[in-house]
Amino acid sequence: MPPATRTRDLPPTPGMTLVEGGADFAVYAGHAESVDVCLFEPGDVDGRTERRIPLVQRTHGTWFGFLPGVGPGQRYAVRATGPWRPAEGLRYNGSKLLLDPYARAIEGEVTWGPSLFGHRVDDRLRGDDTVPSSLDSAGSMPRCVVVDGSFDWGDDAPPQVPLADSVIYEAHVRNLTRLHPEVPEHLRGTYAGVCHPAVIAHLKALGVTTIELLPVHSFTSEPEVVQRGLTNHWGYNTLGFFAPHAAYASTTDPQGALDEFKGMVKLLHKAGIEVVLDVVFNHTAEQSARDGATLSWRGLDNRAYYRIDDRGQDIDVTGCGNTVDLRHAMVCRMVLDSLRYWVSECHVDGFRFDLAVALGRGRADEYDPNHPFLVALRTDPVLSRVKLIAEPWDVGIHGWRTGQFPPPFSEWNDRFRDTVRTFWLQDLGAASAGQAGHGVRELGTRLAGSQDLFGARDRRPVASVNFVAAHDGFTVADLTRYDTKHNGANGEGNRDGSDGNRSWNHGIEGGVDSGVPAAELEAVEVRRRRSMRNLLATNLLATGVPMLNAGDEFGRTQGGNNNPYCQDNETSWFDWNLFAWQQDLLATTQFLTRLRAEQPVLRQRTFFTGRPVHDDGSTDLAWFDASGELMANGRWEDPGTRTLQMFLNGAYLGHPSLLVVLHGGADDATVTLPSPPGLAAYQLLWDSALEVPNEPGPSTPPGPVEVSAASLRVYRAIDET
């Protein structure tokens with residue numbers, strides 16, 4: 001076809017932009033010698049209707065032109081030719097159909113085979129990465145689709161829930177509703193399913209303010225996973241940063257998929273629930289240049305889009321074969337444009353950045369909190385006003401950086417996760433065997449907001465996203481059932497997934513052991529359920545922003561699989577037919593989120609000081625031992641210390657004060673409730689030894705009380721009148 005022409009000095013916005021009479025198109029391919037836009041008819045999966053339109057205008061590495069007659073519904077892709085010099089990181093191959101990095105919709109699947117690889121491979125997809133492939137990939141590639149961005153948002157407005165008041169719920173679109181009996185079958189596992197009234201009712205009753213969705217950017221499965229007869233279920237394998245994953249829509253129409261996503265956001269907002277997206281900008285589905293395919297970025301400019309060493313090979317700090325290079329201006333712009341698109345056009349309320357350290361690695365590959373990308377996020381008038389949450393690590397050298405992201409970032413607090421698991425599971429298991437634990441100093445630090453990690457750079461307690469379980473690892477229930485992972489179904493010989501789980505099976509591995517008497521099994525299950533309540537309560541009572549792993553509120557199990565990234569089946573799907581104990585656990589979690597919402601002292605905006613805040617000498621936070629005395633320095637580190645009392649003073653703020661008693665001993669114990677200044681009595685609000693929450697108990701004077709083994713209590717302080 002004739003070349004795309006409409007003379008202009010500067011390129012239009014990257015991607016396909018609808019204008020009068022057609023569309024402007026632009027794509028960055030800095031080292032290319034030619035770029036064609038390829039147009040296809042709907043339904044063409046083998047490329048027989050392909051029409052190529054050369055882009056003849058080029059400015060600063062961006063190729064662009066006007067495409068007359070192009071409108072919504074047009075299927076398209078790109079081809080780029082240029083030097084094949086793998087040792088220099090250049091891998092152009094005009095026989096490969098490439099996805100537009102800015103595509104708003106992607107239709108079809110990646111069909112794995114030799115044609116998808118820029119270099120020559122055999123039927124096992126292995127070969128010589130220095131020899132270019134001549135196979136055309138059009139018959140194995142999905143298509144980009146032009147969509148109409150208009151949508152009736154009505155009076156939609158972001159809920160803008162303050163971080164201190166937020167309860168985050170990490171969920172997977174398909175898992176959440178694939179088996180939900182109240183969601184119509186054709187909507188299960190879809191965007192529409194997430195916003196179904198039954199699901200919204202569950203979220204509201206649970207006290208969720210913010211749903212954090214696992215990746216919804218268009219993604220595909222890795223070839224080695226497909227060869228095992230599985231799929232990439234979690235979605236951390238991106239094909240396009242602007243397109244919603246089409247398989248999560250209840251319609252096969254690309255326009256309908258985008259509109260369904262927007263409709264989900266609109267209905268969740270109407271219910272007062274924010275939508276945060278888990279975004280994967282650290283790597284893409286193309287894997288390494290040595291072993292991976294050419295699907296988009298590699299064929300456009302491998303040396304620009306990815307971190308490449310001086311031999312032309314990928315620098316991999318993600319564990320996924322490649323690392324997106326945000327040091328490059330156009331790549332940084334692409335990521336920022338994607339984020340703004342999801343906020344401005346799709347109305348999402350924030351982002352959780354997967355392996356965020358990889359996004360902040362500078363010229364010397366060291367993490368830099370002042371990396372241009374991080375500075376751009378902090379100063380952008382749109383993005384700086386939404387929730388920004390970092391997973392503060394990657395797998396590169398010096399990759400663990402918890403507490404080192406700049407404001408306004410919050411961060412997943414892995415130290416909180418590990419400390420809480422250690423106290424309630426690992427150390428309790430040791431105590432049951434007559435062994436010593438780790439003391440309680442770090443537990444106290446984590447409960448008080450992790451000021452040691454987040455106290456610098458004018459940050460607040462809300463910088464800490466507290467969690468005890470997430471998609472990656474054991475569920476809360478499985479933390480109490482398994483000492484070791486059981487990942488055989490993943491097809492990797494149980495080598496995948498973490499071995500450092502800090503879990504405790506309470507004496508029996510798994511759910512059923514026919515060789516154990518029924519009474520003993522039931523006693524184990526009772527202890528496990530109490531441990532679940534302890535974990536959930538500690539998470540929801542601690543200072544910071546609590547995050548729940550979806551399904552933990554009712555004890556969902558994955559059968560001991562702590563890495564079900566490839567399990568699109570009952571291992572991952574929620575079973576909403578709850579046993580009685582699961583209903584009790586759900587009621588408990590609902591009670592705890594209500595307690596957090598009702599008690600301002602649990603939602604601190606600033607860090608505790610430990611200094612007097614009242615004329616009577618009372619401090620904002622006080623720690624007591626089992627005898628009711630202020631914790632002495634030596635007791636914090638003592639491995640034998642298994643009881644900690646945390647007094648949260650709300651009186652100086654005009655709110656009730658609370659006492660949280662954490663007893664991690666293997667036996668029942670006598671604990672003396674402390675007598676801080678101005679206190680008359682206590683009222684028991686909740687006891688984890690009980691299967692379901694009770695009504696508040698009668699007032700109890702300070703002094704000795706009997707507490708159950710491995711239990712947590714919450715008391716309301718009654719002041720002197």
# chains A, B, ... in the order shown; residues from 1 in each chain; ligands from 1
$ residues_around --residues "range 179-194 of chain A" --least-positions-apart "6" --cutoff "10 Å" --atoms "only C-alpha atoms" --output "ChimeraX atom specification"
/A:171-173,200,211,213,216,244-251,257-265,267-268,570,573-577
$ closest_atom_pairs --of "range 129-231 of chain A" --to "range 580-597 of chain A" --cutoff "12 Å" --atoms "only C-alpha atoms" --output "CSV"
residue,atom,partner,partner_atom,distance
A:Ala164,CA,A:Ala597,CA,9.9
A:Asp165,CA,A:Ala597,CA,7.1
A:Ser166,CA,A:Ala597,CA,9.1
A:Val167,CA,A:Thr593,CA,7.9
A:Ile168,CA,A:Thr593,CA,11.0
A:Tyr169,CA,A:Thr593,CA,11.8
A:His202,CA,A:Gln590,CA,9.8
A:Leu203,CA,A:Gln590,CA,9.7
A:Lys204,CA,A:Gln590,CA,9.4
A:Ala205,CA,A:Gln590,CA,6.5
A:Leu206,CA,A:Gln590,CA,4.8
A:Gly207,CA,A:Thr593,CA,5.6
A:Val208,CA,A:Thr593,CA,8.1
A:Thr209,CA,A:Thr593,CA,10.4
$ closest_residue --among "A:Tyr482, A:Phe454, A:Trp412, A:Phe241" --to "Phe467 in chain A" --atoms "only C-alpha atoms"
A:Trp412
$ select_by_dssp --residues "range 673-715 of chain A" --states "strand (DSSP E or B)" --output "ChimeraX atom specification"
/A:673,679-687,699-700,703-707,711-715
$ closest_residue --among "A:Val146, A:Val357, A:Val35, A:Leu125" --to "Ala23 in chain A" --atoms "only C-alpha atoms"
A:Val146
$ select_by_dssp --residues "range 422-567 of chain A" --states "alpha helix (DSSP H)" --output "PyMOL selection string"
chain A and resi 427-432+441-447+451-454+476-479+518-541
